[in-house]
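Below is one structure, written out as structure tokens; the observations come after it.
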Amino acid sequence: VNAGGPSSEAVSAFEKPSIGKMRVALVAMPWFWAHMPSIQLAIVKDVLNKEHIDSDVFEFYADFANLFGADLYGKIANVGPFLGERLFSQFYFDQLRASHGEPLAHLFFDAPPVEAHIMRFATPLVDHFLDQCVLETNWSDYDVVCLSITAHQLGASIAFSRRLREHFPNIPIVIGGAGCAGEMGSANLELCKEFDIAVHGEAEVVVPRLFKALRNSEMLSQVDGISWRKADGQICTTKSVPVHSFKKPRGALNFDAYFKRVAKLRSLNELPIWIPFESSRGCWYGEKSQCTFCGLNEIIKFRERDNTSLIDELEAYEKAYGRTHFFSVDLIMPLTFFQDFLPKVASTRKTWKIFYEVKSNLRKTQVDLLASSGVRWIQPGIESLNDHVLKLMRKGVSAAHNIQTLRYSAERGIAVSWNLISNFPMEKPNDYMQMAEFFPRLFHLDPPSGIAPFEVHRFSPIHEDPKGHGVRLCGPHHAYEAVFPVSRNLLERLVYRFEYDLIEPQDPELLKAHKYVKTAIKDWKRAHSRQAKFELVLQSDGVGTLIDTRASDEAVEYEISAEHVAFLKFLDELRPVVRIAESFEEVDRDAFELLGYASGIAELLQSWSNAGIVIIVSGFAVSLPVDRGLIVANRDSLDSMQEAIGA
Ligand code: SF4
């Protein structure tokens with residue numbers, strides 16, 4: 001039974017005849033991560049299921065990745081997302097298609113020939129792919145089609161909706177996801193006349209009420225947290241909804257459709273598939289002090305699921321899909337995990353590989369626990385190795401914490417994804433010169449992916465109060481105009497990323513310093529690819545050898561005495577420099593005396609700092625060699641982890 005007619009009539013029809021038993025199609029388009037089922041659709045399916053509504057999932061992005069080549073798909077999704085959006089939006093806005101992508105040069109990639117080449121070869125593929133999506137099923141079997149719109153899925157969603165509506169004019173289209181938050185929801189309806197309803201809030205809160213209204217022909221004006229198009233074309237928005245509380249437990253989600261689809265797609269099926277899972281929403285840190293660039297709205301409120309059966313849930317996925325890579329979609333790992341979930345997983349001795357976003361001020365015991373419970377890849381939001389810059393972005397950690405987390409992770413076989421964010425007003429050239437000076441000492445640790453100026457995202461503190469953050473907003477990011485040729489006013493409400501100027505002009509020396517760091521990162525990456533090492537090898541008599549290939553493949557080796565080893569081990573935890581001698585004396589009086597008391601310790605620390613054995617930063621001494629005895633064999637490299645997911 002279909003509810004209504006096309007576009008404007010579709011929704012008015014909702015308010016009249018009752019649909020009765022419903023069947024819903026849940027669709028996700030490119031450029032969602034191809035190596036992962038959509039947890040967003042799985043959650044909506046679960047919510048609908050509880051309402052006794054049947055649904056089928058269509059993860060079309062997987063087909064497109066297969067058609068396009070998983071490798072190139074991953075690169076476009078991550079490096080050239082605007083180009084990816086444009087490839088699809090040209091099938092909604094005919095004028096874009098007519099221009100053959102000519103005005104794109106320099107817009108999306110640094111290399112215009114690459115861009116033009118991708119446009120040329122990919123355009124017919126996109127056309128064919130959109131047809132295949134429409135041919136995939138008899139869409140008239142569905143009462144509603146729902147599209148999940150998160151990052152960079154809007155272009156493909158409007159193109160698909162247009163083609164679907166051309167062939168099946170009577171099926172209403174509902175959109176939801178992060179791309180519909182706040183005023184972006186109603187702006188999406190304004191952008192695309194085929195979209196009928198936009199869900200602004202989280203699915204658990206809005207979807208039951210929305211579908212009850214659709215089923216029982218109640219007025220949509222009674223449903224909070226949505227925008228919809230009335231019969232006269234007017235777009236209405238109801239009041240916002242509170243965030244989901246997670247009070248009711250939720251079991252394992254259903255990813256059957258994805259695995260069935262991927263089984264037929266050779267290029268994807270052979271790669272590791274990561275199964276997404278969720279243990280919390282929001283950010284316990286940001287709830288108290290949001291990082292200045294962080295674009296989270298009210299969903300920043302931290303909410304933890306009842307995770308008592310999370311291990312059962314992961315086991316159920318392993319059993320059902322035979323996969324052991326699990327990708328947490330949490331914004332930050334709940335702190336309670338160090339007391340309950342992680343020790344429990346460690347005790348199961350599973351060979352799982354788990355990804356998590358974490359805070360970067362991890363203690364040694366916490367990293368140990370992550371490693372022993374199968375966390376093999378983390379994203380700790382390091383963002384800078386300079387205290388002043390970290391303070392400007394309100395990150396709530398120090399450079400010492402960040403370096404320590406990199407070292408602990410290297411030792412314990414955990415790959416770390418991170419990058420450097422720059423351009424904050426009040427930065428000093430010296431912030432960057434000092435940071436870059438550290439780099440050669442860190443060549444044995446995972447390097448940053450790069451350095452880039454901060455982006456202004458909707459909902460971020462910088463976006464909410466640009467002047468207070470030394471910034472002047474200059475409208476939507478310029479590339480959107482080439483993707484969505486609509487009025488500036490609509491773009492302002494539609495997009496997530498904005499252009500900006502700094503109110504105070506930047507010191508030219510600062511720009512030079514940013515460039516200097518960029519070059520220094522290249523050196524770090526080169527050292528990383530030749531597997532530079534800095535290791536402590538312990539002998540049975542307590543003496544140690546430091547083996548150093550950070551500067552070149554030719555190893556520099558030097559012996560250190562047992563008391564030096566004792567001091568180095570003591571520095572395994574962050575120690576405030578001002579109290580180092582005193583606290584070392586409390587821990588190992590003999591070694592303290594052998595090293596020449598407080599003055600000897602101060603001299604040693606200085607000479608180790610000069611030799612790159614420790615870094616003195618943030619008032620702490622951070623030891624740098626990794627203990628070879630602890631290094632995890634068969635560690636997955638950062639590159640292999642990231643490649644596996646097309647990141
Ligand atoms: S950037 Fe990360 S740590 Fe900072 S507030 Fe946002 S989610 Fe939390």
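Labels used: A, B, ... for chains in the order of the structure tokens, numbers from 1 for residues in each chain, and numbers from 1 for ligands as shown.
All residues, whether protein, DNA or RNA, that have an atom at most 6 Å from ligand 1 (counting only C-alpha atoms and all ligand atoms) are A:Cys283, A:Tyr285, A:Gly286, A:Gln290, A:Cys291, A:Cys294, A:Leu331.
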Can you write just those residues out, C-alpha atoms, as a short mmCIF file (atom, residue, chain, number, x, y, z; two decimals), in the first residue's frame?
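As written to disk, again00.cif reads:
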```cif
data_model
loop_
_atom_site.label_atom_id
_atom_site.label_comp_id
_atom_site.auth_asym_id
_atom_site.auth_seq_id
_atom_site.Cartn_x
_atom_site.Cartn_y
_atom_site.Cartn_z
CA CYS A 283 31.49 13.11 24.54
CA TYR A 285 34.93 15.65 27.83
CA GLY A 286 33.15 17.95 25.37
CA GLN A 290 33.89 21.45 24.01
CA CYS A 291 37.00 21.65 21.82
CA CYS A 294 34.20 20.41 17.44
CA LEU A 331 33.08 9.71 19.79
#
```
Could you pull the residues within 7 Å of Val367 of chain A, counting only C-alpha atoms, minus those fewer than 4 positions along the same chain, as a count of residues only? 5
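Of the residues listed (A:Thr405, A:Ser328, A:Ser561, A:Ser279), A:Ser328 shows the shortest atom-to-atom separation from Ile354 of chain A; distances use only C-alpha atoms.
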Can you list, as a list of chain:residue names, every protein, DNA or RNA residue that comes within 12 Å of Leu511 of chain A when you count only C-alpha atoms, leaving out same-chain residues fewer than 3 positions away? A:Ser422, A:Asn423, A:Phe424, A:Glu427, A:Lys428, A:Pro429, A:Asn430, A:Asp431, A:Tyr432, A:Met433, A:Ala452, A:Pro453, A:Pro505, A:Gln506, A:Asp507, A:Pro508, A:His514, A:Lys515, A:Tyr516, A:Val517, A:Lys518
Requested write-out: C-alpha atoms of the selected residues, as a short mmCIF file (atom, residue, chain, number, x, y, z; two decimals), in the first residue's frame:
```cif
data_model
loop_
_atom_site.label_atom_id
_atom_site.label_comp_id
_atom_site.auth_asym_id
_atom_site.auth_seq_id
_atom_site.Cartn_x
_atom_site.Cartn_y
_atom_site.Cartn_z
CA SER A 422 46.83 24.67 12.89
CA ASN A 423 45.82 28.27 12.24
CA PHE A 424 44.32 29.14 15.61
CA GLU A 427 49.45 30.94 17.66
CA LYS A 428 53.13 31.87 17.70
CA PRO A 429 55.73 30.80 15.12
CA ASN A 430 57.74 29.34 17.97
CA ASP A 431 54.87 26.97 18.87
CA TYR A 432 55.51 25.21 15.58
CA MET A 433 59.28 25.52 15.46
CA ALA A 452 45.89 21.40 8.08
CA PRO A 453 44.21 24.62 9.19
CA PRO A 505 46.29 38.99 10.05
CA GLN A 506 48.74 36.15 10.53
CA ASP A 507 52.40 36.77 11.19
CA PRO A 508 54.26 35.76 7.98
CA HIS A 514 53.51 25.87 9.37
CA LYS A 515 55.41 25.06 6.18
CA TYR A 516 58.40 23.98 8.18
CA VAL A 517 56.24 21.54 10.14
CA LYS A 518 54.77 20.21 6.88
#
```
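You will find atom CA of Pro272 of chain A at 28.5 Å from atom CA of Ala203 of chain A.
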For segment 608-615 of chain A, find every residue with an atom within 7 Å (counting only C-alpha atoms), except residues of its own chain fewer than 6 positions away, and show them as a PyMOL selection string. chain A and resi 441+621-625
Need to verify the contact set: Tyr61 of chain A, 8 Å, only C-alpha atoms, exclusion of same-chain residues closer than 4 positions in sequence. Can you return it as a PyMOL selection string? chain A and resi 28-34+65
Keeping only N, CA and C atoms, take the residues you just selected and write them out as a PDB file, in the first residue's frame.
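New file result29.pdb:
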```
ATOM      1  N   ALA A  28      21.374   3.564   1.957  1.00  0.00           N
ATOM      2  CA  ALA A  28      22.574   4.396   2.177  1.00  0.00           C
ATOM      3  C   ALA A  28      23.355   4.465   0.879  1.00  0.00           C
ATOM      4  N   MET A  29      23.704   5.677   0.484  1.00  0.00           N
ATOM      5  CA  MET A  29      24.373   5.934  -0.791  1.00  0.00           C
ATOM      6  C   MET A  29      25.859   6.227  -0.565  1.00  0.00           C
ATOM      7  N   PRO A  30      26.667   6.279  -1.638  1.00  0.00           N
ATOM      8  CA  PRO A  30      28.053   6.720  -1.503  1.00  0.00           C
ATOM      9  C   PRO A  30      28.067   8.140  -0.904  1.00  0.00           C
ATOM     10  N   TRP A  31      29.063   8.514  -0.176  1.00  0.00           N
ATOM     11  CA  TRP A  31      30.378   7.955  -0.011  1.00  0.00           C
ATOM     12  C   TRP A  31      30.572   7.432   1.406  1.00  0.00           C
ATOM     13  N   PHE A  32      29.661   6.622   1.840  1.00  0.00           N
ATOM     14  CA  PHE A  32      29.813   5.998   3.151  1.00  0.00           C
ATOM     15  C   PHE A  32      30.971   5.007   3.069  1.00  0.00           C
ATOM     16  N   TRP A  33      31.632   4.754   4.212  1.00  0.00           N
ATOM     17  CA  TRP A  33      32.774   3.831   4.209  1.00  0.00           C
ATOM     18  C   TRP A  33      32.360   2.459   3.691  1.00  0.00           C
ATOM     19  N   ALA A  34      33.047   2.026   2.630  1.00  0.00           N
ATOM     20  CA  ALA A  34      32.629   0.808   1.949  1.00  0.00           C
ATOM     21  C   ALA A  34      32.889  -0.460   2.752  1.00  0.00           C
ATOM     22  N   ALA A  65      31.359   1.216  -4.578  1.00  0.00           N
ATOM     23  CA  ALA A  65      32.793   1.040  -4.282  1.00  0.00           C
ATOM     24  C   ALA A  65      33.358  -0.101  -5.115  1.00  0.00           C
TER      25      ALA A  65
END
```
Neighbour list for segment 220-226 of chain A as a PyMOL selection string, cut-off 10 Å, only C-alpha atoms, skip fewer than 6 positions in-chain: chain A and resi 11-12+14-15+174-176+180-182+185-186+197-203+205-214+236-242
Using only C-alpha atoms, the shortest atom-to-atom distance to Ser552 of chain A among A:Gly84, A:Phe498, A:Trp274, A:Pro440 belongs to A:Pro440
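Of note, atom CA of Val626 of chain A and atom CA of Leu536 of chain A are spaced 6.0 Å apart.
Closest approach to Leu538 of chain A among A:His564, A:Arg376, A:Arg86, A:Arg458 is made by A:His564 (distances from only C-alpha atoms).
One distance worth recording is that between atom CA of Leu191 of chain A and atom CA of Glu481 of chain A, which is 12.7 Å.
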Pick from A:Ile403, A:Leu546, A:Ile76, A:Leu253 nearest to Ser38 of chain A, counting only C-alpha atoms: A:Leu253
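Using only C-alpha atoms, the protein and nucleic acid residues lying no more than 8 Å from Tyr480 of chain A, apart from those fewer than 5 places from it along its own chain, are Phe82, Pro485, Leu491 and Val495 of chain A.
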Please report, as a ChimeraX atom specification, each residue of segment 345-453 of chain A to which DSSP assigns alpha helix (DSSP H) when run on this structure's backbone. /A:345-348,364-372,387-392,399-411,429-438
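Within segment 221-301 of chain A, DSSP applied to the backbone places the following residues in strand (DSSP E): Ile226, Ser227, Trp228, Arg229, Ile235, Cys236, Thr237, Trp274, Ile275, Pro276, Phe277, Ser280 and Arg281 of chain A.
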File of the preceding selection, N, CA, C and O atoms, as a short mmCIF file (atom, residue, chain, number, x, y, z; two decimals), in the first residue's frame:
```cif
data_model
loop_
_atom_site.label_atom_id
_atom_site.label_comp_id
_atom_site.auth_asym_id
_atom_site.auth_seq_id
_atom_site.Cartn_x
_atom_site.Cartn_y
_atom_site.Cartn_z
N ILE A 226 10.96 16.90 13.41
CA ILE A 226 10.97 16.70 11.95
C ILE A 226 10.70 18.02 11.21
O ILE A 226 10.21 18.98 11.78
N SER A 227 11.05 18.00 9.93
CA SER A 227 10.55 19.01 8.98
C SER A 227 9.81 18.24 7.91
O SER A 227 10.19 17.10 7.60
N TRP A 228 8.77 18.81 7.35
CA TRP A 228 8.08 18.12 6.26
C TRP A 228 7.49 19.14 5.30
O TRP A 228 7.33 20.32 5.64
N ARG A 229 7.21 18.64 4.11
CA ARG A 229 6.67 19.50 3.07
C ARG A 229 5.15 19.31 3.02
O ARG A 229 4.65 18.19 2.87
N ILE A 235 7.33 24.32 3.80
CA ILE A 235 8.10 23.41 4.65
C ILE A 235 7.89 23.80 6.11
O ILE A 235 8.09 24.96 6.49
N CYS A 236 7.45 22.84 6.90
CA CYS A 236 7.17 23.12 8.31
C CYS A 236 8.15 22.34 9.18
O CYS A 236 8.59 21.25 8.81
N THR A 237 8.44 22.91 10.32
CA THR A 237 9.36 22.23 11.25
C THR A 237 8.72 22.20 12.63
O THR A 237 8.19 23.21 13.10
N TRP A 274 34.92 -4.24 8.68
CA TRP A 274 34.82 -3.84 10.08
C TRP A 274 33.34 -3.79 10.46
O TRP A 274 32.54 -3.16 9.77
N ILE A 275 33.02 -4.43 11.55
CA ILE A 275 31.62 -4.38 12.01
C ILE A 275 31.48 -3.23 13.00
O ILE A 275 32.20 -3.18 14.00
N PRO A 276 30.58 -2.29 12.70
CA PRO A 276 30.46 -1.15 13.61
C PRO A 276 29.67 -1.53 14.87
O PRO A 276 28.78 -2.37 14.81
N PHE A 277 30.05 -0.91 15.97
CA PHE A 277 29.26 -1.10 17.19
C PHE A 277 29.29 0.21 17.97
O PHE A 277 30.10 1.09 17.70
N SER A 280 28.46 4.11 23.36
CA SER A 280 28.00 5.37 23.96
C SER A 280 27.74 6.38 22.84
O SER A 280 28.14 6.17 21.70
N ARG A 281 27.06 7.46 23.20
CA ARG A 281 26.95 8.61 22.30
C ARG A 281 27.37 9.86 23.06
O ARG A 281 27.26 9.91 24.29
#
```
Nearest to Met435 of chain A among A:Ala263, A:Leu83, A:Ala151, A:Val389, with distances taken over only C-alpha atoms: which residue is it? A:Val389
Considering only C-alpha atoms, state which residue in the set A:Thr545, A:Phe327, A:Val483, A:Gly468 is at the smallest distance from Ile503 of chain A. A:Gly468
